[in-house]
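Step one of this worksheet: look at the structure below.
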Amino acid sequence: MRKVLCATALLLASFCTNAQTSKDPEAVIRRVADNVIANTSYQFINTKTKAKYSSTKGLEPTTDLRAESEYNKWYYPMGVLAIGMVQLSSTLNDPKYAEYAAHNYDFVFSNLSYFEKLYKENKRPEWNAFFAMNELDACGALSAGLADVNETAKRADYNAYLKRAADYISNKQVRAADKTLIRPDPRKMTLWADDLYMSVPFLARMGKITGDNRYFDDAITQVENFTKYLYDEKTGLYIHCYYTDVAQQGVARWGRCNGWLAIAQVELLSHLPANHPKRKHLTELLLRQIVGFARYQDTSGLWNQVLDKKDSYLETSVTAMFTYAVAKAVNEGWIPKTYIRIANEGWNGVASKVDPQGRLLDVCIGTGTSEVLSFYYKRPAPFNDVHGHGPVLLAGLEMVKYNRANPPKK
């Protein structure tokens, strides 16, 4: 037991030493991205026989066949990761990261027919959400990433999927009477803050791609309505959910849901026409949120899992999201430059949670809603959880851009 404890202590000491000396944003995000690439296998594994395959071609249909790597799942964090990888290539002038994002989508689309047959037989195969498309998590963030990849790929099958996803969000996703996007279950007709990101970034991209202003109009409606239902004047933060059955907000000012709201607004402003009449109003909403969450930043630069509860753990993904939102807003000239101090401290916190191999600490897993505050306290933060990679890349990229435009004075 003593040997195990000593080994653990040495690992932690090594991690802390690295975190203190390696906060350069380009070095950190390259480390994170390269680790993701190294751990993406583009293989399938039969969960019963443990046999592995590089393709589904010629295989007998079975629901036991799954993508081996977590980065090859059809899961919304992969959409955020794809956006980060594409932007990484552009900012660092390194094509391998955009090629990675393109390869991920190609791997899925090239093997769809195998799993589609199983889906049509009412089974639950790998990538089931791709075919079902019955919630925003199944298509919104993933479609935003695909749209960025397709700027270069220009594939007909990608275009077809993007149109299908846009039709789902615009015409089929459940909404309240005022057109706010809501979830029919597990608790009937509940508004989740997360869904602003699961819809708005893709709607904004479709507005830019098609030139159809109705996508921008819908995205703006969502921002305004989510603010109406979820913003808490007393704290300057947003509540995770709103229960329409009792017309009451939920209990938690959960960190990552506030992060989703922030980066969704940033994504909308990034794609909105420069002369749009709502731009000033949207910028004011974003700045109000930034001022609000800045009040709760820990001296480490990090934010808490429950933002206004200092006894909840310090969480990495929300810190990356807030850092990205602030740095992006400063870099684009939407808010005064002095606010970069928030992002600088946030980045120091993020960098302290990246180990020498580019793996992440203290990222909360996917989280539902609850009427009990302790639920949020107890959400696990497993080593290197996938919810952190995309936000960390985006945060680091904006810090790289800021540092390039504002080199330290000699």
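Following the order of the structure tokens, chains are lettered A, B, ..., residues in each are numbered from 1, and ligands are numbered from 1.
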
Quiz item: Per DSSP on the backbone, what are the alpha helix (DSSP H) residues of segment 158-275 of chain A, as a PyMOL selection string?
Solution: chain A and resi 158-167+200-210+213-230+255-271

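Look at Gly140 of chain A: the protein and nucleic acid residues within 7 Å of it, using only C-alpha atoms and passing over chain neighbours fewer than 6 places away, are Met198, Ser199 and Phe202 of chain A.
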
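The smallest atom-to-atom distance between Val326 of chain A and any of A:Ser352, A:Ser69, A:Asn304, A:Gln289, using only C-alpha atoms, is found for A:Gln289.
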
Practice problem: Rank A:Lys23, A:Gly396, A:Asn39, A:Glu267 by their smallest atom-to-atom distance to Arg359 of chain A, using only C-alpha atoms, and report the top residue only. | Solution: A:Asn39

Self-check item: Those in segment 142-304 of chain A with strand (DSSP E) from DSSP, as a count of residues only
Solution: 14
